[in-house]
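The structure under discussion appears below in the form of structure tokens.
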Amino acid sequence: MLITDETICAVSTAAGIGAIAVVRVAGPNAIAVVDSIFRSPQKGKTLTAQKGGTFHYGTLYDGEDAIDEVVAMVYRAPHSFTGEDMVEVSCHGSVIIQQRIIRTLIDRGVRMATAGEFTRRAFANGKIDLSQAEAVADLIASQSDAARKIALRQLKGGLSTELHQLRDKLLNLCTLLELELDFSDEDVEFADRTELISIATKADELVSQLARSFKAGNAIKNGVPVAIVGPTNAGKSTLLNTLLNEERAIVSNVHGTTRDAIEDTMMIDGTMFRFIDTAGLRHTTDQVESIGIERTYEKISKANIVLAVVDATLPTSVIIEALSNIVEHTDKAEQHFLIALNKADVAQHNALEQLQTKLMSLQPMAIVSISAKNKNGISSLCHKLIEAATTEVSTDVSIVTNMRHYEALVRSHEALSRTLDGLNSGISGELVALDLHDVLDELASITGEVSSQEVLNNIFKHFCIGK
């Protein structure tokens, strides 16, 4: 438990004017301090006499000066967000009212909360672990429905549960190895090496799976990067403008108009996409355009989705050559490859069907016929983008979105690899146990069972005040 005699307060709702605002007060004197400025219309009623989980109407006073009519929600330790006594005061949203309430509380010995202090107290008091605390910040900052779902699952303890179960198995494994050290003179093995290898292998598979999920999770959190690539004059800039519903990129019949990447974001069915219009791919002697083409290949390598746009009216051999070049720069094991056949409204129907059949040899995730200019087929394209973005994302499995977690998982994988090498080579249990301790420490750092003050300070300083 966090031992503190300080009571803190802050406005927990967003800054500015609204219909209501919430002032949060937490700490050993929270209920008594709010009670000292609270008057109920029911004579003799006090907040200190009320049960936790109840709310009460009344007026807050600064001396004899009425501040506002409010509703006070009373929480009793340990049944509150922070695990302490806590009161949440709902007042009218005037900034003046909010400031007056805070000033009145401070005058009575309450301290202004620092950034993330309520959540930090919840962590310190064992109400949530560190990964759940970070999920609070992610949930507040979520900009898409998919990001909200991932953060909510983590807040509910999805990732924590998996890591705790994994640590329990590895801790048992480590205990057996260390027990052997006490009987080293008798050459006794308490742990069957075949079973240990099996447990460590399964643990490594889970750790690696979680680490691999970071790419998709980070993309969902910050916007799924979609590189719009293809030859010049294929209609890439027109498609970007159509998707964004604004004239974001310059459109021209002149080849090589787009010479640098243009990025913008858009929400499609609750998922944030970051579209990147790139320079058209072709052989050129123009130095500036060549730099733009080099950047196109860089964008392809960093994208989760590669959307290749080609002019469907061009000869099939030209289209296949252009797409084959893009495929060479695409890692289809890690990236989703989609083809958009643009200008399909002016292409011959039979030729279009034959083209689609031949392009299947490139193994795209999908081929969509569109007209970026007339907005035909755009809804089908968006559906395929959603399908590609959410292939690896499910509310039923844990998705890693935090760089700190990812780095700890990578180090865990490295330590588990050393563990397996040691078990397979028959080295002493003492050395294997050292590597296992590294794994346990890395996993514990994610949930906060092992965390330095520096790490905690760095995490909570990015929270908003009042949370």
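Following the order of the structure tokens, chains are lettered A, B, ..., residues in each are numbered from 1, and ligands are numbered from 1.
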
Exercise. Within 8 Å of region 38-45 of chain A, counting only C-alpha atoms, which residues qualify if same-chain residues fewer than 4 places away don't, as a list in words?
Worked result: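 Skipping anything fewer than 4 positions along the chain leaves Val34, Ala49, His56, Tyr57, Gly58, Thr59, Leu60 and Tyr61 of chain A.
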
Mind dumping the selected residues with all heavy atoms as an mmCIF file, in the first residue's frame?
data_model
loop_
_atom_site.group_PDB
_atom_site.id
_atom_site.type_symbol
_atom_site.label_atom_id
_atom_site.label_comp_id
_atom_site.auth_asym_id
_atom_site.auth_seq_id
_atom_site.Cartn_x
_atom_site.Cartn_y
_atom_site.Cartn_z
ATOM 1 N N VAL A 34 -13.960 17.804 2.052
ATOM 2 C CA VAL A 34 -15.103 18.194 1.215
ATOM 3 C C VAL A 34 -16.326 18.429 2.097
ATOM 4 O O VAL A 34 -17.101 19.368 1.874
ATOM 5 C CB VAL A 34 -15.398 17.121 0.145
ATOM 6 C CG1 VAL A 34 -16.646 17.496 -0.654
ATOM 7 C CG2 VAL A 34 -14.206 16.948 -0.794
ATOM 8 N N ALA A 49 -20.658 10.820 7.338
ATOM 9 C CA ALA A 49 -21.535 9.776 7.886
ATOM 10 C C ALA A 49 -22.097 8.867 6.791
ATOM 11 O O ALA A 49 -22.822 7.915 7.095
ATOM 12 C CB ALA A 49 -22.685 10.413 8.654
ATOM 13 N N HIS A 56 -24.619 12.600 -3.271
ATOM 14 C CA HIS A 56 -25.410 13.490 -2.424
ATOM 15 C C HIS A 56 -25.437 14.899 -3.008
ATOM 16 O O HIS A 56 -24.405 15.441 -3.390
ATOM 17 C CB HIS A 56 -24.824 13.520 -1.014
ATOM 18 C CG HIS A 56 -24.576 12.140 -0.466
ATOM 19 N ND1 HIS A 56 -25.565 11.411 0.144
ATOM 20 C CD2 HIS A 56 -23.468 11.354 -0.493
ATOM 21 C CE1 HIS A 56 -25.068 10.229 0.491
ATOM 22 N NE2 HIS A 56 -23.792 10.179 0.116
ATOM 23 N N TYR A 57 -26.647 15.465 -3.033
ATOM 24 C CA TYR A 57 -26.842 16.827 -3.545
ATOM 25 C C TYR A 57 -26.641 17.842 -2.417
ATOM 26 O O TYR A 57 -27.032 17.610 -1.267
ATOM 27 C CB TYR A 57 -28.246 16.962 -4.125
ATOM 28 C CG TYR A 57 -28.655 18.394 -4.401
ATOM 29 C CD1 TYR A 57 -28.148 19.082 -5.489
ATOM 30 C CD2 TYR A 57 -29.534 19.057 -3.541
ATOM 31 C CE1 TYR A 57 -28.508 20.406 -5.731
ATOM 32 C CE2 TYR A 57 -29.900 20.373 -3.769
ATOM 33 C CZ TYR A 57 -29.386 21.042 -4.866
ATOM 34 O OH TYR A 57 -29.741 22.340 -5.093
ATOM 35 N N GLY A 58 -25.998 18.953 -2.769
ATOM 36 C CA GLY A 58 -25.805 20.005 -1.781
ATOM 37 C C GLY A 58 -25.134 21.219 -2.400
ATOM 38 O O GLY A 58 -25.025 21.330 -3.632
ATOM 39 N N THR A 59 -24.659 22.115 -1.568
ATOM 40 C CA THR A 59 -24.005 23.344 -2.017
ATOM 41 C C THR A 59 -22.633 23.448 -1.366
ATOM 42 O O THR A 59 -22.481 23.162 -0.177
ATOM 43 C CB THR A 59 -24.844 24.582 -1.640
ATOM 44 O OG1 THR A 59 -26.154 24.445 -2.200
ATOM 45 C CG2 THR A 59 -24.195 25.855 -2.168
ATOM 46 N N LEU A 60 -21.636 23.833 -2.169
ATOM 47 C CA LEU A 60 -20.303 24.072 -1.640
ATOM 48 C C LEU A 60 -20.177 25.542 -1.237
ATOM 49 O O LEU A 60 -20.627 26.437 -1.961
ATOM 50 C CB LEU A 60 -19.229 23.734 -2.677
ATOM 51 C CG LEU A 60 -19.071 22.264 -3.083
ATOM 52 C CD1 LEU A 60 -17.833 22.103 -3.967
ATOM 53 C CD2 LEU A 60 -18.981 21.336 -1.880
ATOM 54 N N TYR A 61 -19.532 25.760 -0.084
ATOM 55 C CA TYR A 61 -19.361 27.115 0.437
ATOM 56 C C TYR A 61 -17.883 27.395 0.703
ATOM 57 O O TYR A 61 -17.132 26.513 1.143
ATOM 58 C CB TYR A 61 -20.131 27.294 1.755
ATOM 59 C CG TYR A 61 -21.604 27.521 1.576
ATOM 60 C CD1 TYR A 61 -22.474 26.444 1.389
ATOM 61 C CD2 TYR A 61 -22.130 28.807 1.619
ATOM 62 C CE1 TYR A 61 -23.834 26.638 1.238
ATOM 63 C CE2 TYR A 61 -23.493 29.020 1.476
ATOM 64 C CZ TYR A 61 -24.341 27.936 1.283
ATOM 65 O OH TYR A 61 -25.700 28.149 1.133
#

For this session: Going by DSSP on the backbone, which bits of region 10-152 of chain A are helix (DSSP H, G or I)? Write them as a PyMOL selection string, please.
Result: chain A and resi 30-36+47-49+95-107+117-124+130-141+145-152

Residues as selected, N, CA and C atoms, written as a compact mmCIF listing (two decimals), in the first residue's frame, can you do that?
# COMPACT_ATOMS: atom_id res chain seq x y z
N ALA A 30 -9.90 13.21 2.42
CA ALA A 30 -10.72 13.65 1.29
C ALA A 30 -12.17 13.90 1.69
N ILE A 31 -12.79 12.95 2.36
CA ILE A 31 -14.21 13.08 2.70
C ILE A 31 -14.42 14.19 3.73
N ALA A 32 -13.54 14.25 4.72
CA ALA A 32 -13.69 15.26 5.77
C ALA A 32 -13.52 16.68 5.23
N VAL A 33 -12.55 16.88 4.33
CA VAL A 33 -12.31 18.22 3.79
C VAL A 33 -13.48 18.68 2.93
N VAL A 34 -13.96 17.80 2.05
CA VAL A 34 -15.10 18.19 1.22
C VAL A 34 -16.33 18.43 2.10
N ASP A 35 -16.47 17.60 3.12
CA ASP A 35 -17.61 17.76 4.04
C ASP A 35 -17.57 19.12 4.73
N SER A 36 -16.36 19.64 4.97
CA SER A 36 -16.23 20.92 5.68
C SER A 36 -16.74 22.10 4.86
N LEU A 47 -21.29 14.34 4.89
CA LEU A 47 -20.68 13.36 4.00
C LEU A 47 -19.91 12.31 4.79
N THR A 48 -19.33 12.71 5.91
CA THR A 48 -18.52 11.77 6.69
C THR A 48 -19.36 10.62 7.26
N ALA A 49 -20.66 10.82 7.34
CA ALA A 49 -21.54 9.78 7.89
C ALA A 49 -22.10 8.87 6.79
N VAL A 95 -15.38 27.74 -15.75
CA VAL A 95 -13.98 27.70 -15.34
C VAL A 95 -13.81 28.40 -13.98
N ILE A 96 -14.54 29.48 -13.78
CA ILE A 96 -14.46 30.22 -12.52
C ILE A 96 -14.88 29.33 -11.34
N ILE A 97 -15.97 28.57 -11.54
CA ILE A 97 -16.44 27.66 -10.48
C ILE A 97 -15.39 26.60 -10.18
N GLN A 98 -14.83 26.01 -11.23
CA GLN A 98 -13.80 24.98 -11.05
C GLN A 98 -12.61 25.53 -10.25
N GLN A 99 -12.14 26.70 -10.66
CA GLN A 99 -10.99 27.30 -9.99
C GLN A 99 -11.30 27.66 -8.53
N ARG A 100 -12.52 28.11 -8.29
CA ARG A 100 -12.90 28.51 -6.94
C ARG A 100 -12.95 27.28 -6.02
N ILE A 101 -13.46 26.18 -6.52
CA ILE A 101 -13.52 24.95 -5.71
C ILE A 101 -12.10 24.47 -5.40
N ILE A 102 -11.24 24.44 -6.40
CA ILE A 102 -9.86 23.99 -6.19
C ILE A 102 -9.15 24.89 -5.18
N ARG A 103 -9.32 26.22 -5.32
CA ARG A 103 -8.67 27.15 -4.40
C ARG A 103 -9.17 26.97 -2.97
N THR A 104 -10.47 26.73 -2.83
CA THR A 104 -11.05 26.52 -1.50
C THR A 104 -10.51 25.25 -0.86
N LEU A 105 -10.34 24.20 -1.64
CA LEU A 105 -9.79 22.95 -1.12
C LEU A 105 -8.32 23.14 -0.71
N ILE A 106 -7.56 23.85 -1.54
CA ILE A 106 -6.14 24.08 -1.23
C ILE A 106 -6.00 24.91 0.04
N ASP A 107 -6.91 25.87 0.22
CA ASP A 107 -6.88 26.69 1.44
C ASP A 107 -7.09 25.85 2.70
N GLU A 117 -1.17 11.59 -11.02
CA GLU A 117 -0.97 11.15 -9.65
C GLU A 117 -2.08 10.24 -9.15
N PHE A 118 -3.31 10.45 -9.58
CA PHE A 118 -4.40 9.56 -9.16
C PHE A 118 -4.15 8.14 -9.67
N THR A 119 -3.74 8.03 -10.95
CA THR A 119 -3.47 6.72 -11.52
C THR A 119 -2.24 6.09 -10.88
N ARG A 120 -1.25 6.93 -10.58
CA ARG A 120 -0.05 6.41 -9.93
C ARG A 120 -0.39 5.86 -8.55
N ARG A 121 -1.28 6.53 -7.82
CA ARG A 121 -1.70 6.01 -6.51
C ARG A 121 -2.47 4.70 -6.67
N ALA A 122 -3.28 4.61 -7.73
CA ALA A 122 -4.01 3.36 -7.98
C ALA A 122 -3.02 2.22 -8.22
N PHE A 123 -1.94 2.51 -8.95
CA PHE A 123 -0.90 1.51 -9.19
C PHE A 123 -0.18 1.16 -7.90
N ALA A 124 0.23 2.17 -7.14
CA ALA A 124 0.98 1.95 -5.90
C ALA A 124 0.15 1.19 -4.87
N LEU A 130 1.09 -1.84 -13.76
CA LEU A 130 1.65 -0.75 -14.57
C LEU A 130 1.13 -0.79 -16.00
N SER A 131 0.96 -1.97 -16.58
CA SER A 131 0.45 -2.05 -17.95
C SER A 131 -0.99 -1.53 -18.02
N GLN A 132 -1.77 -1.78 -16.96
CA GLN A 132 -3.13 -1.26 -16.91
C GLN A 132 -3.13 0.26 -16.73
N ALA A 133 -2.18 0.76 -15.94
CA ALA A 133 -2.06 2.21 -15.77
C ALA A 133 -1.76 2.89 -17.10
N GLU A 134 -0.88 2.28 -17.89
CA GLU A 134 -0.55 2.84 -19.20
C GLU A 134 -1.74 2.74 -20.15
N ALA A 135 -2.58 1.71 -19.94
CA ALA A 135 -3.78 1.56 -20.76
C ALA A 135 -4.77 2.69 -20.50
N VAL A 136 -4.76 3.22 -19.26
CA VAL A 136 -5.62 4.37 -18.95
C VAL A 136 -5.27 5.54 -19.86
N ALA A 137 -3.97 5.82 -19.98
CA ALA A 137 -3.52 6.91 -20.85
C ALA A 137 -3.87 6.63 -22.30
N ASP A 138 -3.69 5.37 -22.73
CA ASP A 138 -4.01 5.01 -24.11
C ASP A 138 -5.50 5.14 -24.39
N LEU A 139 -6.32 4.78 -23.41
CA LEU A 139 -7.77 4.86 -23.59
C LEU A 139 -8.21 6.31 -23.73
N ILE A 140 -7.63 7.18 -22.91
CA ILE A 140 -7.96 8.61 -22.99
C ILE A 140 -7.53 9.19 -24.34
N ALA A 141 -6.36 8.74 -24.83
CA ALA A 141 -5.80 9.30 -26.06
C ALA A 141 -6.28 8.59 -27.32
N ASP A 145 -11.92 3.62 -32.89
CA ASP A 145 -12.64 2.59 -32.14
C ASP A 145 -11.75 1.37 -31.92
N ALA A 146 -10.92 1.05 -32.92
CA ALA A 146 -10.03 -0.09 -32.78
C ALA A 146 -9.01 0.15 -31.67
N ALA A 147 -8.46 1.37 -31.60
CA ALA A 147 -7.50 1.70 -30.54
C ALA A 147 -8.18 1.65 -29.18
N ARG A 148 -9.43 2.10 -29.13
CA ARG A 148 -10.20 2.06 -27.87
C ARG A 148 -10.36 0.62 -27.39
N LYS A 149 -10.69 -0.29 -28.30
CA LYS A 149 -10.91 -1.69 -27.92
C LYS A 149 -9.64 -2.32 -27.38
N ILE A 150 -8.50 -2.03 -28.02
CA ILE A 150 -7.23 -2.60 -27.58
C ILE A 150 -6.88 -2.09 -26.19
N ALA A 151 -7.02 -0.76 -25.99
CA ALA A 151 -6.70 -0.16 -24.69
C ALA A 151 -7.63 -0.68 -23.60
N LEU A 152 -8.91 -0.85 -23.93
CA LEU A 152 -9.87 -1.33 -22.94
C LEU A 152 -9.57 -2.76 -22.52

Exercise. Neighbours of region 206-212 of chain A within 8 Å (only C-alpha atoms; same-chain residues fewer than 4 positions away dropped), as a ChimeraX atom specification?
Worked result: /A:202,398-400,406,409-410,412-413

Would you save the residues of that selection, restricted to all heavy atoms, as a PDB file, in the first residue's frame?
ATOM      1  N   LYS A 202       7.237 -23.090 -25.313  1.00  0.00           N
ATOM      2  CA  LYS A 202       5.898 -22.504 -25.353  1.00  0.00           C
ATOM      3  C   LYS A 202       5.913 -21.058 -24.858  1.00  0.00           C
ATOM      4  O   LYS A 202       5.207 -20.190 -25.392  1.00  0.00           O
ATOM      5  CB  LYS A 202       4.935 -23.338 -24.514  1.00  0.00           C
ATOM      6  CG  LYS A 202       4.625 -24.712 -25.112  1.00  0.00           C
ATOM      7  CD  LYS A 202       3.711 -25.526 -24.212  1.00  0.00           C
ATOM      8  CE  LYS A 202       3.433 -26.892 -24.822  1.00  0.00           C
ATOM      9  NZ  LYS A 202       2.579 -27.739 -23.929  1.00  0.00           N
ATOM     10  N   SER A 398      -4.426 -10.444 -26.826  1.00  0.00           N
ATOM     11  CA  SER A 398      -3.707  -9.245 -26.412  1.00  0.00           C
ATOM     12  C   SER A 398      -2.874  -8.706 -27.567  1.00  0.00           C
ATOM     13  O   SER A 398      -2.177  -9.465 -28.250  1.00  0.00           O
ATOM     14  CB  SER A 398      -2.799  -9.569 -25.223  1.00  0.00           C
ATOM     15  OG  SER A 398      -3.575  -9.915 -24.098  1.00  0.00           O
ATOM     16  N   ILE A 399      -2.967  -7.406 -27.775  1.00  0.00           N
ATOM     17  CA  ILE A 399      -2.191  -6.716 -28.799  1.00  0.00           C
ATOM     18  C   ILE A 399      -1.305  -5.700 -28.105  1.00  0.00           C
ATOM     19  O   ILE A 399      -1.785  -4.890 -27.312  1.00  0.00           O
ATOM     20  CB  ILE A 399      -3.102  -6.000 -29.816  1.00  0.00           C
ATOM     21  CG1 ILE A 399      -4.073  -6.986 -30.470  1.00  0.00           C
ATOM     22  CG2 ILE A 399      -2.271  -5.277 -30.866  1.00  0.00           C
ATOM     23  CD1 ILE A 399      -3.434  -8.015 -31.352  1.00  0.00           C
ATOM     24  N   VAL A 400      -0.020  -5.740 -28.377  1.00  0.00           N
ATOM     25  CA  VAL A 400       0.930  -4.814 -27.759  1.00  0.00           C
ATOM     26  C   VAL A 400       0.981  -3.517 -28.561  1.00  0.00           C
ATOM     27  O   VAL A 400       1.181  -3.539 -29.782  1.00  0.00           O
ATOM     28  CB  VAL A 400       2.336  -5.447 -27.673  1.00  0.00           C
ATOM     29  CG1 VAL A 400       3.356  -4.448 -27.136  1.00  0.00           C
ATOM     30  CG2 VAL A 400       2.295  -6.682 -26.796  1.00  0.00           C
ATOM     31  N   TYR A 406       7.072  -3.615 -25.847  1.00  0.00           N
ATOM     32  CA  TYR A 406       7.677  -4.323 -26.979  1.00  0.00           C
ATOM     33  C   TYR A 406       9.159  -4.593 -26.730  1.00  0.00           C
ATOM     34  O   TYR A 406       9.645  -5.706 -26.944  1.00  0.00           O
ATOM     35  CB  TYR A 406       7.497  -3.498 -28.255  1.00  0.00           C
ATOM     36  CG  TYR A 406       8.306  -3.990 -29.435  1.00  0.00           C
ATOM     37  CD1 TYR A 406       7.975  -5.173 -30.086  1.00  0.00           C
ATOM     38  CD2 TYR A 406       9.413  -3.272 -29.892  1.00  0.00           C
ATOM     39  CE1 TYR A 406       8.721  -5.633 -31.162  1.00  0.00           C
ATOM     40  CE2 TYR A 406      10.161  -3.715 -30.959  1.00  0.00           C
ATOM     41  CZ  TYR A 406       9.817  -4.893 -31.595  1.00  0.00           C
ATOM     42  OH  TYR A 406      10.564  -5.345 -32.643  1.00  0.00           O
ATOM     43  N   LEU A 409       9.630  -7.310 -24.240  1.00  0.00           N
ATOM     44  CA  LEU A 409       9.318  -8.616 -24.823  1.00  0.00           C
ATOM     45  C   LEU A 409      10.456  -9.102 -25.719  1.00  0.00           C
ATOM     46  O   LEU A 409      10.774 -10.295 -25.736  1.00  0.00           O
ATOM     47  CB  LEU A 409       8.015  -8.533 -25.629  1.00  0.00           C
ATOM     48  CG  LEU A 409       6.738  -8.417 -24.796  1.00  0.00           C
ATOM     49  CD1 LEU A 409       5.567  -7.994 -25.674  1.00  0.00           C
ATOM     50  CD2 LEU A 409       6.419  -9.727 -24.083  1.00  0.00           C
ATOM     51  N   VAL A 410      11.064  -8.196 -26.465  1.00  0.00           N
ATOM     52  CA  VAL A 410      12.204  -8.569 -27.311  1.00  0.00           C
ATOM     53  C   VAL A 410      13.356  -9.069 -26.442  1.00  0.00           C
ATOM     54  O   VAL A 410      13.989 -10.097 -26.740  1.00  0.00           O
ATOM     55  CB  VAL A 410      12.667  -7.369 -28.172  1.00  0.00           C
ATOM     56  CG1 VAL A 410      13.999  -7.672 -28.850  1.00  0.00           C
ATOM     57  CG2 VAL A 410      11.612  -7.038 -29.223  1.00  0.00           C
ATOM     58  N   SER A 412      13.045 -10.348 -23.491  1.00  0.00           N
ATOM     59  CA  SER A 412      12.586 -11.627 -22.932  1.00  0.00           C
ATOM     60  C   SER A 412      12.833 -12.764 -23.918  1.00  0.00           C
ATOM     61  O   SER A 412      13.279 -13.855 -23.536  1.00  0.00           O
ATOM     62  CB  SER A 412      11.096 -11.551 -22.589  1.00  0.00           C
ATOM     63  OG  SER A 412      10.843 -10.603 -21.588  1.00  0.00           O
ATOM     64  N   HIS A 413      12.542 -12.501 -25.187  1.00  0.00           N
ATOM     65  CA  HIS A 413      12.763 -13.509 -26.235  1.00  0.00           C
ATOM     66  C   HIS A 413      14.241 -13.874 -26.328  1.00  0.00           C
ATOM     67  O   HIS A 413      14.599 -15.061 -26.440  1.00  0.00           O
ATOM     68  CB  HIS A 413      12.266 -12.970 -27.578  1.00  0.00           C
ATOM     69  CG  HIS A 413      12.757 -13.744 -28.761  1.00  0.00           C
ATOM     70  ND1 HIS A 413      12.402 -15.051 -28.996  1.00  0.00           N
ATOM     71  CD2 HIS A 413      13.618 -13.391 -29.760  1.00  0.00           C
ATOM     72  CE1 HIS A 413      13.003 -15.483 -30.095  1.00  0.00           C
ATOM     73  NE2 HIS A 413      13.748 -14.497 -30.565  1.00  0.00           N
TER      74      HIS A 413
END

Exercise. Ala408 (chain A): which residues within 8 Å, counting only C-alpha atoms, same-chain residues fewer than 4 positions away excluded, as number ranges by chain?
Worked result: A: 404, 412, 442-443, 445-446

Go ahead and write the selection's residues with C-alpha atoms as a CSV table (one decimal), in the first residue's frame.
chain,number,residue,atom,x,y,z
A,404,ARG,CA,8.3,-0.1,-23.6
A,412,SER,CA,12.6,-11.6,-22.9
A,442,GLU,CA,11.8,-8.3,-18.1
A,443,LEU,CA,8.2,-9.6,-17.9
A,445,SER,CA,8.9,-4.7,-15.7
A,446,ILE,CA,5.9,-4.6,-18.0

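Of note, CA of Val306 (chain A) and CA of Asp269 (chain A) are spaced 19.5 Å apart.
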
Problem set entry | Given only C-alpha atoms as the counted atoms, nearest of A:Ala351, A:Ile276, A:Ala388, A:Leu338 to Pro364 (chain A) |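 Of the candidates, the smallest distance to Pro364 (chain A) is held by A:Leu338.
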
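Among the candidate residues A:Gly63, A:Pro28, A:Ala115, A:Ser94, the one lying nearest to Asn457 (chain A) is A:Ala115, with distances computed using only C-alpha atoms.
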
For this session: For region 421-438 of chain A, work out the shell of residues within 6 Å, counting only C-alpha atoms and skipping chain neighbours fewer than 3 positions away, then give it as number ranges by chain.
Result: A: 174, 177, 415, 418, 441
